[in-house]
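Below is the file structure_32.csv, which contains CSV, C-alpha atoms and all ligand atoms.
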```csv
chain,number,residue,atom,x,y,z
B,1,MET,CA,98.6,98.0,120.8
B,2,SER,CA,96.1,100.6,119.7
B,3,THR,CA,96.0,104.1,118.4
B,4,ILE,CA,94.5,106.6,121.0
B,5,LYS,CA,91.9,109.3,120.3
B,6,HIS,CA,93.6,112.2,122.0
B,7,PRO,CA,97.4,112.2,121.8
B,8,ARG,CA,99.0,114.7,124.0
B,9,LYS,CA,100.2,117.9,122.3
B,10,PRO,CA,103.9,118.8,122.8
B,11,GLY,CA,104.7,119.7,126.4
B,12,SER,CA,105.1,117.8,129.6
B,13,VAL,CA,102.8,114.9,130.5
B,14,ARG,CA,101.4,115.7,133.9
B,15,LEU,CA,101.1,112.6,136.0
B,16,ALA,CA,99.6,111.6,139.4
B,17,ILE,CA,100.7,108.6,141.4
B,18,ILE,CA,97.8,106.9,143.3
B,19,GLY,CA,98.8,104.6,146.2
B,20,THR,CA,102.0,105.8,147.8
B,21,GLY,CA,103.4,102.7,149.4
B,22,GLY,CA,106.6,100.7,148.6
B,23,MET,CA,106.3,100.3,144.8
B,24,ALA,CA,105.2,103.9,144.3
B,25,ASN,CA,108.8,105.0,145.1
B,26,VAL,CA,110.0,103.1,142.0
B,27,HIS,CA,107.2,104.8,139.9
B,28,ALA,CA,108.2,108.3,141.3
B,29,GLU,CA,111.9,107.7,140.5
B,30,LYS,CA,111.4,106.3,137.1
B,31,PHE,CA,108.9,109.0,136.0
B,32,ALA,CA,111.2,111.7,137.4
B,33,ALA,CA,114.0,110.4,135.1
B,34,ILE,CA,111.9,110.8,132.0
B,35,LYS,CA,112.2,114.0,130.0
B,36,GLY,CA,108.7,115.4,129.1
B,37,CYS,CA,107.0,114.0,132.2
B,38,ARG,CA,106.2,115.8,135.5
B,39,VAL,CA,104.7,114.1,138.6
B,40,VAL,CA,102.3,116.8,139.8
B,41,ALA,CA,100.2,114.9,142.4
B,42,ALA,CA,100.3,112.0,144.8
B,43,CYS,CA,97.2,110.3,146.4
B,44,ASP,CA,96.8,107.8,149.1
B,45,ILE,CA,93.8,106.9,151.4
B,46,GLN,CA,96.3,107.5,154.2
B,47,ALA,CA,96.7,111.3,154.0
B,48,THR,CA,99.9,111.4,156.0
B,49,ARG,CA,101.5,108.8,153.8
B,50,ALA,CA,100.6,110.8,150.6
B,51,GLN,CA,102.0,114.0,152.2
B,52,ALA,CA,105.3,112.3,153.2
B,53,PHE,CA,105.7,110.7,149.8
B,54,ALA,CA,105.0,114.0,148.1
B,55,GLU,CA,107.7,115.7,150.2
B,56,LYS,CA,110.2,112.9,149.7
B,57,HIS,CA,109.9,113.1,145.9
B,58,GLY,CA,109.3,116.8,145.5
B,59,ILE,CA,105.7,116.4,144.2
B,60,PRO,CA,103.7,119.6,144.6
B,61,GLN,CA,100.3,118.3,145.7
B,62,ALA,CA,99.1,115.5,147.9
B,63,PHE,CA,95.5,114.1,148.2
B,64,ALA,CA,93.6,111.5,150.2
B,65,ASP,CA,90.8,111.1,147.7
B,66,VAL,CA,91.1,110.3,144.0
B,67,GLY,CA,87.9,112.2,143.1
B,68,GLU,CA,89.1,115.3,144.9
B,69,MET,CA,92.4,115.1,143.1
B,70,LEU,CA,90.8,114.7,139.7
B,71,ARG,CA,88.6,117.8,140.4
B,72,SER,CA,91.4,119.9,141.7
B,73,VAL,CA,94.5,119.4,139.7
B,74,GLU,CA,95.2,119.3,135.9
B,75,ILE,CA,96.6,115.9,135.0
B,76,ASP,CA,96.9,113.9,131.8
B,77,ALA,CA,97.8,110.5,133.3
B,78,VAL,CA,97.8,108.4,136.4
B,79,SER,CA,99.8,105.4,137.6
B,80,VAL,CA,97.8,103.2,139.9
B,81,VAL,CA,100.0,101.6,142.6
B,82,THR,CA,97.4,100.6,145.2
B,83,PRO,CA,96.9,97.0,146.4
B,84,ASP,CA,95.3,94.8,143.8
B,85,ALA,CA,91.7,95.1,144.9
B,86,ALA,CA,91.6,98.9,144.2
B,87,HIS,CA,93.0,98.7,140.7
B,88,LEU,CA,89.5,98.2,139.1
B,89,PRO,CA,87.6,101.0,140.8
B,90,ILE,CA,90.4,103.6,140.6
B,91,SER,CA,91.2,102.8,137.0
B,92,LEU,CA,87.6,103.1,136.0
B,93,GLN,CA,87.3,106.4,137.8
B,94,CYS,CA,90.3,107.8,136.1
B,95,LEU,CA,89.4,106.4,132.6
B,96,LYS,CA,86.0,108.0,133.0
B,97,ALA,CA,87.8,111.3,133.6
B,98,GLY,CA,89.7,110.7,130.3
B,99,LYS,CA,93.1,110.1,131.9
B,100,HIS,CA,95.8,107.7,130.5
B,101,VAL,CA,96.3,104.9,132.9
B,102,LEU,CA,99.4,102.8,133.8
B,103,CYS,CA,98.1,100.2,136.3
B,104,GLU,CA,100.1,97.9,138.5
B,105,LYS,CA,99.8,94.2,138.0
B,106,PRO,CA,97.8,92.1,138.4
B,107,LEU,CA,95.4,94.2,136.3
B,108,ALA,CA,92.4,93.1,138.4
B,109,LEU,CA,91.2,90.3,140.7
B,110,ASN,CA,89.6,88.3,138.0
B,111,ALA,CA,89.1,88.1,134.2
B,112,LYS,CA,85.6,89.6,134.4
B,113,ASP,CA,86.9,92.8,136.1
B,114,ALA,CA,89.9,92.9,133.8
B,115,ALA,CA,87.5,92.8,130.8
B,116,LYS,CA,85.6,95.8,132.3
B,117,MET,CA,88.9,97.7,132.5
B,118,VAL,CA,89.7,96.9,128.8
B,119,ALA,CA,86.3,98.0,127.7
B,120,ALA,CA,86.5,101.3,129.7
B,121,ALA,CA,90.0,102.0,128.4
B,122,SER,CA,88.8,101.4,124.8
B,123,LYS,CA,85.8,103.7,125.3
B,124,ALA,CA,88.0,106.4,126.7
B,125,GLY,CA,90.5,106.1,123.8
B,126,VAL,CA,93.5,106.6,126.1
B,127,VAL,CA,96.8,104.9,126.6
B,128,ASN,CA,96.4,101.9,128.9
B,129,MET,CA,99.2,99.8,130.2
B,130,VAL,CA,99.8,97.2,132.9
B,131,ASN,CA,103.1,97.2,134.6
B,132,PHE,CA,104.6,93.7,133.8
B,133,SER,CA,107.9,95.2,134.9
B,134,TYR,CA,110.2,92.4,133.7
B,135,ARG,CA,109.4,93.5,130.2
B,136,ASP,CA,112.0,96.2,131.1
B,137,TRP,CA,114.8,93.5,131.1
B,138,PRO,CA,116.8,93.5,127.9
B,139,CYS,CA,117.1,89.7,127.9
B,140,ILE,CA,113.3,89.0,127.6
B,141,GLN,CA,112.9,91.5,124.8
B,142,ALA,CA,115.8,90.1,122.9
B,143,ALA,CA,114.6,86.5,123.5
B,144,ALA,CA,111.1,87.3,122.2
B,145,LEU,CA,112.7,88.8,119.1
B,146,ALA,CA,114.9,85.7,118.6
B,147,VAL,CA,111.9,83.4,118.8
B,148,LYS,CA,110.0,85.6,116.4
B,149,ARG,CA,112.8,85.5,114.0
B,150,GLY,CA,112.7,81.7,114.1
B,151,GLU,CA,116.2,81.3,115.7
B,152,ILE,CA,115.1,78.3,117.7
B,153,GLY,CA,112.5,77.0,115.3
B,154,GLU,CA,109.1,75.9,116.5
B,155,VAL,CA,108.6,76.0,120.3
B,156,ARG,CA,108.2,72.5,121.8
B,157,HIS,CA,108.9,72.8,125.5
B,158,VAL,CA,109.1,75.6,128.1
B,159,GLU,CA,110.3,75.7,131.6
B,160,ALA,CA,109.7,78.9,133.6
B,161,SER,CA,110.0,79.7,137.3
B,162,TYR,CA,109.8,82.7,139.6
B,163,LEU,CA,111.4,82.1,143.1
B,164,GLN,CA,111.2,84.3,146.1
B,165,ALA,CA,112.5,83.8,149.6
B,166,TRP,CA,110.6,86.3,151.8
B,167,LEU,CA,108.5,83.8,153.7
B,168,ALA,CA,111.5,81.7,154.6
B,169,SER,CA,113.9,84.6,155.5
B,170,LYS,CA,114.2,88.2,156.4
B,171,VAL,CA,115.7,89.1,153.0
B,172,TRP,CA,113.1,91.8,152.6
B,173,GLY,CA,112.4,92.4,156.3
B,174,ASP,CA,110.0,90.6,158.6
B,175,TRP,CA,106.8,89.9,156.8
B,176,ARG,CA,105.1,89.3,160.2
B,177,THR,CA,105.2,92.9,161.1
B,178,ASN,CA,104.8,94.7,157.8
B,179,PRO,CA,101.3,95.4,156.3
B,180,ALA,CA,102.8,95.6,152.8
B,181,TRP,CA,103.6,91.9,153.1
B,182,LEU,CA,100.6,90.9,155.2
B,183,TRP,CA,98.0,92.1,152.7
B,184,ARG,CA,99.7,89.8,150.1
B,185,LEU,CA,98.9,86.8,152.4
B,186,SER,CA,95.2,87.6,152.9
B,187,SER,CA,92.5,86.9,150.4
B,188,ALA,CA,90.1,89.2,152.4
B,189,HIS,CA,92.6,92.0,151.5
B,190,GLY,CA,92.3,91.3,147.8
B,191,SER,CA,95.4,89.1,147.5
B,192,MET,CA,95.4,86.2,145.0
B,193,GLY,CA,98.5,84.8,146.7
B,194,VAL,CA,101.8,84.2,145.1
B,195,LEU,CA,100.0,83.3,141.8
B,196,GLY,CA,98.3,86.7,141.6
B,197,ASP,CA,101.2,88.6,143.0
B,198,VAL,CA,104.2,87.3,140.9
B,199,GLY,CA,102.7,84.4,139.1
B,200,VAL,CA,101.3,87.0,136.7
B,201,HIS,CA,104.8,88.1,135.9
B,202,ILE,CA,106.2,84.7,135.1
B,203,ILE,CA,103.1,83.8,133.0
B,204,ASP,CA,103.7,87.0,131.0
B,205,TYR,CA,107.4,86.3,130.9
B,206,ALA,CA,106.9,82.8,129.5
B,207,THR,CA,104.1,83.5,127.1
B,208,PHE,CA,105.4,86.8,125.7
B,209,PRO,CA,108.1,85.0,123.7
B,210,ALA,CA,106.6,81.5,123.6
B,211,GLY,CA,103.0,82.3,122.6
B,212,PRO,CA,99.6,81.9,124.2
B,213,LEU,CA,98.4,79.0,126.4
B,214,ARG,CA,95.4,76.8,125.6
B,215,GLU,CA,95.3,74.6,128.7
B,216,VAL,CA,96.3,74.9,132.4
B,217,TYR,CA,96.6,72.3,135.1
B,218,CYS,CA,97.4,74.1,138.4
B,219,ARG,CA,98.1,73.1,142.0
B,220,LEU,CA,98.2,75.7,144.7
B,221,GLN,CA,99.5,75.3,148.3
B,222,THR,CA,99.2,77.5,151.4
B,223,PHE,CA,101.6,76.4,154.0
B,224,PRO,CA,101.2,76.8,157.8
B,225,LYS,CA,103.1,79.9,159.0
B,226,ILE,CA,102.1,80.8,162.5
B,227,PRO,CA,99.7,79.3,165.1
B,228,GLY,CA,96.1,80.2,164.2
B,229,GLU,CA,97.2,81.5,160.7
B,230,ARG,CA,96.1,85.0,161.7
B,231,ILE,CA,98.0,88.3,162.5
B,232,GLY,CA,95.6,91.1,163.6
B,233,GLU,CA,93.1,91.7,160.7
B,234,TYR,CA,95.1,89.5,158.3
B,235,HIS,CA,94.0,85.9,157.9
B,236,LEU,CA,97.0,84.2,156.2
B,237,ASP,CA,95.0,82.1,153.7
B,238,ALA,CA,96.3,83.1,150.3
B,239,ASN,CA,98.5,80.6,148.3
B,240,ASP,CA,102.3,80.7,148.7
B,241,SER,CA,103.3,78.1,146.1
B,242,ALA,CA,101.9,77.3,142.6
B,243,THR,CA,102.8,74.9,139.9
B,244,LEU,CA,101.2,75.0,136.5
B,245,ASN,CA,101.4,72.3,133.8
B,246,VAL,CA,100.5,74.1,130.6
B,247,GLU,CA,99.9,73.5,127.0
B,248,PHE,CA,100.6,76.2,124.5
B,249,ALA,CA,98.3,77.0,121.6
B,250,ASN,CA,100.9,75.4,119.2
B,251,GLY,CA,100.9,72.2,121.2
B,252,ALA,CA,104.1,72.8,123.0
B,253,LEU,CA,104.1,71.7,126.7
B,254,GLY,CA,105.5,73.6,129.6
B,255,VAL,CA,105.8,74.0,133.4
B,256,ILE,CA,105.5,77.3,135.1
B,257,HIS,CA,106.0,77.5,138.8
B,258,VAL,CA,106.2,80.2,141.5
B,259,THR,CA,106.9,80.2,145.2
B,260,ARG,CA,107.7,82.5,148.2
B,261,TRP,CA,109.4,79.5,149.8
B,262,ALA,CA,112.8,79.4,148.0
B,263,PRO,CA,115.6,80.3,150.4
B,264,GLY,CA,118.6,81.6,148.6
B,265,HIS,CA,116.6,83.2,145.8
B,266,ALA,CA,115.4,86.7,146.7
B,267,ASN,CA,113.8,87.3,143.4
B,268,ARG,CA,114.8,85.0,140.6
B,269,LEU,CA,113.1,84.5,137.2
B,270,ALA,CA,114.3,81.7,134.9
B,271,LEU,CA,113.1,80.7,131.5
B,272,LYS,CA,114.1,78.0,129.0
B,273,ILE,CA,112.4,77.8,125.7
B,274,CYS,CA,113.3,74.7,123.7
B,275,GLY,CA,112.5,74.7,120.0
B,276,THR,CA,113.1,72.4,117.0
B,277,LEU,CA,116.3,74.3,116.1
B,278,GLY,CA,117.7,75.3,119.5
B,279,THR,CA,117.1,76.5,123.1
B,280,LEU,CA,117.1,79.9,124.8
B,281,ASP,CA,118.1,80.1,128.4
B,282,LEU,CA,117.4,83.2,130.6
B,283,ASP,CA,118.3,83.3,134.3
B,284,SER,CA,118.1,86.6,136.2
B,285,ASP,CA,120.6,85.3,138.8
B,286,ARG,CA,123.2,85.4,135.9
B,287,GLY,CA,122.1,88.8,134.6
B,288,THR,CA,119.1,90.5,133.0
B,289,ASP,CA,121.0,91.8,130.0
B,290,VAL,CA,122.2,88.5,128.9
B,291,TYR,CA,120.9,85.1,127.7
B,292,ARG,CA,122.4,81.8,126.5
B,293,ILE,CA,121.6,80.0,123.3
B,294,CYS,CA,122.4,76.6,121.9
B,295,ARG,CA,121.7,76.2,118.2
B,296,GLY,CA,123.3,75.6,114.8
B,297,ARG,CA,126.7,73.9,114.9
B,298,ASP,CA,126.6,73.9,118.8
B,299,LEU,CA,123.6,71.5,118.8
B,300,ASP,CA,125.6,68.3,118.6
B,301,THR,CA,128.1,69.3,121.3
B,302,CYS,CA,125.4,71.0,123.5
B,303,ALA,CA,127.6,74.1,123.7
B,304,TRP,CA,126.1,77.5,124.7
B,305,ARG,CA,126.8,81.0,123.4
B,306,GLU,CA,126.2,84.0,125.6
B,307,ILE,CA,124.4,86.8,124.0
B,308,ARG,CA,124.6,90.4,125.4
B,309,CYS,CA,121.4,92.4,124.9
B,310,LYS,CA,121.0,96.1,124.2
B,311,PRO,CA,119.2,98.2,126.8
B,312,VAL,CA,115.4,98.7,126.2
B,313,ALA,CA,113.0,101.4,127.2
B,314,ASN,CA,111.1,100.6,130.4
B,315,ASN,CA,107.3,100.5,130.8
B,316,TYR,CA,107.3,104.0,132.4
B,317,SER,CA,109.0,105.6,129.5
B,318,ARG,CA,107.0,103.5,126.9
B,319,PHE,CA,103.8,104.8,128.7
B,320,ILE,CA,104.9,108.5,128.3
B,321,THR,CA,106.1,107.9,124.7
B,322,ALA,CA,102.7,106.4,123.9
B,323,ILE,CA,100.9,109.4,125.4
B,324,ARG,CA,103.1,111.9,123.5
B,325,SER,CA,103.0,110.0,120.2
B,326,GLY,CA,99.3,108.9,120.3
B,327,CYS,CA,100.3,105.4,119.5
B,328,GLY,CA,100.0,102.2,121.5
B,329,GLY,CA,101.6,101.3,124.8
B,330,ASP,CA,102.6,97.7,125.4
B,331,PRO,CA,101.8,95.6,127.5
B,332,ASP,CA,98.3,97.0,127.5
B,333,PHE,CA,95.1,96.3,129.4
B,334,ALA,CA,94.1,93.6,126.9
B,335,ARG,CA,97.4,91.8,127.6
B,336,GLY,CA,96.7,92.2,131.4
B,337,ALA,CA,93.3,90.7,130.8
B,338,GLU,CA,94.7,87.8,128.8
B,339,ILE,CA,97.0,86.9,131.8
B,340,GLN,CA,94.0,87.3,134.1
B,341,ARG,CA,92.1,84.6,132.1
B,342,VAL,CA,95.1,82.2,132.7
B,343,LEU,CA,94.9,83.0,136.4
B,344,ASP,CA,91.1,82.3,136.5
B,345,ALA,CA,91.7,79.0,134.7
B,346,ALA,CA,94.5,78.2,137.2
B,347,PHE,CA,92.3,78.8,140.2
B,348,ALA,CA,89.4,76.8,138.6
B,349,SER,CA,91.9,73.9,137.8
B,350,ASP,CA,93.2,73.8,141.4
B,351,ALA,CA,89.7,73.8,142.8
B,352,LYS,CA,88.6,70.8,140.7
B,353,ARG,CA,92.0,69.1,140.5
B,354,ALA,CA,91.7,68.9,136.7
B,355,PRO,CA,93.0,70.7,133.6
B,356,VAL,CA,91.1,73.7,132.3
B,357,ARG,CA,90.9,74.8,128.7
B,358,LEU,CA,91.3,78.5,128.0
Y,1,LIG,N1,105.4,95.6,138.9
Y,1,LIG,C1,106.1,95.1,139.9
Y,1,LIG,O1,107.2,94.6,139.8
Y,1,LIG,C2,105.5,95.3,141.3
Y,1,LIG,C3,106.3,95.3,142.5
Y,1,LIG,C4,105.7,95.5,143.7
Y,1,LIG,C5,104.4,95.8,143.8
Y,1,LIG,N2,103.6,95.8,142.7
Y,1,LIG,C6,102.2,96.1,142.7
Y,1,LIG,O2,102.0,97.4,143.2
Y,1,LIG,C7,100.8,97.5,143.9
Y,1,LIG,C8,101.2,98.2,145.3
Y,1,LIG,O3,102.1,97.3,146.0
Y,1,LIG,P1,103.0,97.9,147.2
Y,1,LIG,O4,104.0,96.9,147.5
Y,1,LIG,O5,103.4,99.3,146.9
Y,1,LIG,O6,101.9,97.9,148.3
Y,1,LIG,P2,101.9,98.8,149.6
Y,1,LIG,O7,101.0,98.1,150.6
Y,1,LIG,O8,103.3,99.1,150.1
Y,1,LIG,O9,101.3,100.2,149.2
Y,1,LIG,C9,100.0,100.4,148.7
Y,1,LIG,C10,99.5,101.8,149.1
Y,1,LIG,O10,98.2,102.0,148.5
Y,1,LIG,C11,97.4,102.7,149.4
Y,1,LIG,N3,96.0,102.5,149.1
Y,1,LIG,C12,95.2,101.4,149.4
Y,1,LIG,N4,94.0,101.6,148.9
Y,1,LIG,C13,94.0,102.8,148.2
Y,1,LIG,C14,93.0,103.5,147.5
Y,1,LIG,N5,91.8,103.0,147.4
Y,1,LIG,N6,93.3,104.7,147.0
Y,1,LIG,C15,94.6,105.3,147.2
Y,1,LIG,N7,95.5,104.6,147.9
Y,1,LIG,C16,95.3,103.4,148.4
Y,1,LIG,C17,97.8,102.2,150.8
Y,1,LIG,O11,97.5,103.1,151.8
Y,1,LIG,C18,99.3,102.1,150.6
Y,1,LIG,O12,100.0,103.3,150.9
Y,1,LIG,C19,100.2,96.1,144.0
Y,1,LIG,O13,99.2,95.9,143.1
Y,1,LIG,C20,101.4,95.2,143.7
Y,1,LIG,O14,101.0,94.0,143.1
Y,1,LIG,C21,104.2,95.6,141.4
```
For this file, produce the structure as structure tokens.
Amino acid sequence: MSTIKHPRKPGSVRLAIIGTGGMANVHAEKFAAIKGCRVVAACDIQATRAQAFAEKHGIPQAFADVGEMLRSVEIDAVSVVTPDAAHLPISLQCLKAGKHVLCEKPLALNAKDAAKMVAAASKAGVVNMVNFSYRDWPCIQAAALAVKRGEIGEVRHVEASYLQAWLASKVWGDWRTNPAWLWRLSSAHGSMGVLGDVGVHIIDYATFPAGPLREVYCRLQTFPKIPGERIGEYHLDANDSATLNVEFANGALGVIHVTRWAPGHANRLALKICGTLGTLDLDSDRGTDVYRICRGRDLDTCAWREIRCKPVANNYSRFITAIRSGCGGDPDFARGAEIQRVLDAAFASDAKRAPVRL
């Protein structure tokens, strides 16, 4: 978290959404619900898509070019919701123009690019955040606090998984016919597979409460999907399953795994953090505002208590609050870059079938 050079004076934060596909709808709805924020422009390289999105969400102006938008409309901040490969150039362009930036995850395609974004954001002195959206769940914020307070003692062992089902089902429609899924399967379209897509979420989810990693041993797999492994311009070569054996900086061990081949789990994040004094257990299939804990007098009977967690501000509202207050914004680009370094190490580890130090 950092202090920014130019906090916004009282008045609405004027925001533009760049990239108006599926996830942009969530951004438009969340920002519209925040007092003191107005979405004043939408931009997409597909002009008709930007226009339709603007009409749907009551956004006054639509553009097909980021530069033209920055020249023509007064904005304070942008949210970058394009496919991953465009995060770097668009963020740099907007930071150069002095705009606060909320960028979708993964921050970039590699740690070197992520570092460029951190440096540019720091030079611009603006609020910079990466949308690790599961930080919005009350259970993870409460769990992080519980670990910090020492409720489970020293962390010794971590089990984290992110399971999706969309390659093995039509739970989110037919991936074979939808470009929003197809680019996620193609490295030529800037995808880093399931590891880059949602692996970043679970790495953040595990290390936010449990602390940083110092070693990663990763295996990636890309399973056959259709004859020829190609649909139109999309070569289906990006990984769909990843397992990481990890060592935390404090010596704790862990396993983090992620797949798009988990029938029965549309979108499930699970995390167990075992410490010297107890264990925390989070499972989104049970609820995102609740976790279980075993500690104290429950240790010897292995009994669990359920803890209900208070609502927390979401990333969108933390972004606007940071702009208005001039202070911080978490998770920031530096955190995005830290996760990106883990990703780079994971890819290097898979390539040489050996552990990689961070
Ligand atoms: N935080 C989360 O939980 C979450 C969830 C889903 C997606 N995402 C992220 O959001 C981003 C977008 O994902 P999506 O599912 O909305 O993809 P999508 O394919 O549905 O939409 C992307 C849009 O960006 C546009 N675009 C492409 N290049 C552009 C450019 N240079 N300038 C302007 N517009 C451009 C495309 O035309 C498309 O309309 C990805 O980085 C993805 O990882 C995050």
Between CA of Pro83 (chain B) and CA of His235 (chain B), what distance in Å does the model show, to one decimal? 16.2 Å
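CA of Leu213 (chain B) to CA of Lys352 (chain B) spans 19.2 Å [interatomic distance, one decimal].
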Name the residues in contact with Glu55 (chain B) at a cut-off of 12 Å, using only C-alpha atoms, excluding same-chain residues fewer than 5 positions from it; report them as an MDAnalysis selection string. chainID B and resid 20 25 28 40:42 48:50 60:62
Show me which residues line ligand LIG 1 (chain Y), defined as having an atom within 8 Å of a ligand atom where all atoms listed in the file count, and present them as an mmCIF file with C-alpha atoms, in the coordinates of the input.
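Contents of pocket-v8.cif, freshly written:
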```
data_model
loop_
_atom_site.group_PDB
_atom_site.id
_atom_site.type_symbol
_atom_site.label_atom_id
_atom_site.label_comp_id
_atom_site.auth_asym_id
_atom_site.auth_seq_id
_atom_site.Cartn_x
_atom_site.Cartn_y
_atom_site.Cartn_z
ATOM 1 C CA ILE B 18 97.800 106.900 143.300
ATOM 2 C CA GLY B 19 98.800 104.600 146.200
ATOM 3 C CA THR B 20 102.000 105.800 147.800
ATOM 4 C CA GLY B 21 103.400 102.700 149.400
ATOM 5 C CA GLY B 22 106.600 100.700 148.600
ATOM 6 C CA MET B 23 106.300 100.300 144.800
ATOM 7 C CA ALA B 24 105.200 103.900 144.300
ATOM 8 C CA CYS B 43 97.200 110.300 146.400
ATOM 9 C CA ASP B 44 96.800 107.800 149.100
ATOM 10 C CA ILE B 45 93.800 106.900 151.400
ATOM 11 C CA GLN B 46 96.300 107.500 154.200
ATOM 12 C CA ARG B 49 101.500 108.800 153.800
ATOM 13 C CA ALA B 50 100.600 110.800 150.600
ATOM 14 C CA ALA B 64 93.600 111.500 150.200
ATOM 15 C CA ASP B 65 90.800 111.100 147.700
ATOM 16 C CA VAL B 66 91.100 110.300 144.000
ATOM 17 C CA VAL B 80 97.800 103.200 139.900
ATOM 18 C CA VAL B 81 100.000 101.600 142.600
ATOM 19 C CA THR B 82 97.400 100.600 145.200
ATOM 20 C CA PRO B 83 96.900 97.000 146.400
ATOM 21 C CA ASP B 84 95.300 94.800 143.800
ATOM 22 C CA ALA B 85 91.700 95.100 144.900
ATOM 23 C CA ALA B 86 91.600 98.900 144.200
ATOM 24 C CA HIS B 87 93.000 98.700 140.700
ATOM 25 C CA ILE B 90 90.400 103.600 140.600
ATOM 26 C CA GLU B 104 100.100 97.900 138.500
ATOM 27 C CA LYS B 105 99.800 94.200 138.000
ATOM 28 C CA PRO B 106 97.800 92.100 138.400
ATOM 29 C CA LEU B 107 95.400 94.200 136.300
ATOM 30 C CA ASN B 131 103.100 97.200 134.600
ATOM 31 C CA PHE B 132 104.600 93.700 133.800
ATOM 32 C CA SER B 133 107.900 95.200 134.900
ATOM 33 C CA TYR B 134 110.200 92.400 133.700
ATOM 34 C CA PRO B 179 101.300 95.400 156.300
ATOM 35 C CA ALA B 180 102.800 95.600 152.800
ATOM 36 C CA TRP B 181 103.600 91.900 153.100
ATOM 37 C CA TRP B 183 98.000 92.100 152.700
ATOM 38 C CA GLY B 196 98.300 86.700 141.600
ATOM 39 C CA ASP B 197 101.200 88.600 143.000
ATOM 40 C CA VAL B 198 104.200 87.300 140.900
ATOM 41 C CA HIS B 201 104.800 88.100 135.900
#
```
For Ile34 (chain B), please output as a ChimeraX atom specification all residues within 12 Å (counting all atoms listed in the file; exclusion window: fewer than 6 positions along the same chain). /B:12-15,27-28,313-321
Restricting the calculation to only C-alpha atoms, which member of B:Ile273, B:Ala303, B:Cys327, B:Asp350 is positioned closest to Ile152 (chain B)?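 Distance minimum relative to Ile152 (chain B) lands on B:Ile273.
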Option closest in space to Lys30 (chain B), from B:Thr259, B:Ser79, B:Asn239, B:Ser284 [counting only C-alpha atoms]: B:Ser79
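You can rank B:Val147, B:Leu253, B:Ala262, B:Leu182 by their closest distance to Gly232 (chain B) using only C-alpha atoms, and at the top of that list sits B:Leu182.
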Residue list as a ChimeraX atom specification for point (104.5, 96.7, 122.6), cut-off 12 Å, all atoms listed in the file: /B:1-2,127-130,132,135-136,141,144-145,208,312-315,318-319,321-322,327-335
Using all atoms listed in the file, can you tell me which of B:Val246, B:Val194, B:Ile256, B:Cys274 comes closest to Ser349 (chain B)? B:Val246
When you look at region 154-156 of chain B with a cut-off of 9 Å (counting all atoms listed in the file), what residues show up, excluding the ones that are within fewer than 5 positions of it in the same chain? I need them as a list of chain:residue names.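 Counting only the stated atoms, we get B:Val147, B:Ala210, B:Gly211, B:Phe248, B:Asn250, B:Gly251, B:Ala252, B:Leu253, B:Gly254, B:Ile273, B:Cys274, B:Gly275, B:Thr276, B:Leu277, B:Thr279.
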Write out as a ChimeraX atom specification the residues lying within 6 Å of Ile293 (chain B), counting all atoms listed in the file and excluding same-chain residues fewer than 3 positions away. /B:279-280,304-305
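Shortest separation to Gly193 (chain B) among B:Phe347, B:Gly336, B:Gly287, B:Tyr205 occurs at residue B:Phe347, atoms counted being all atoms listed in the file.
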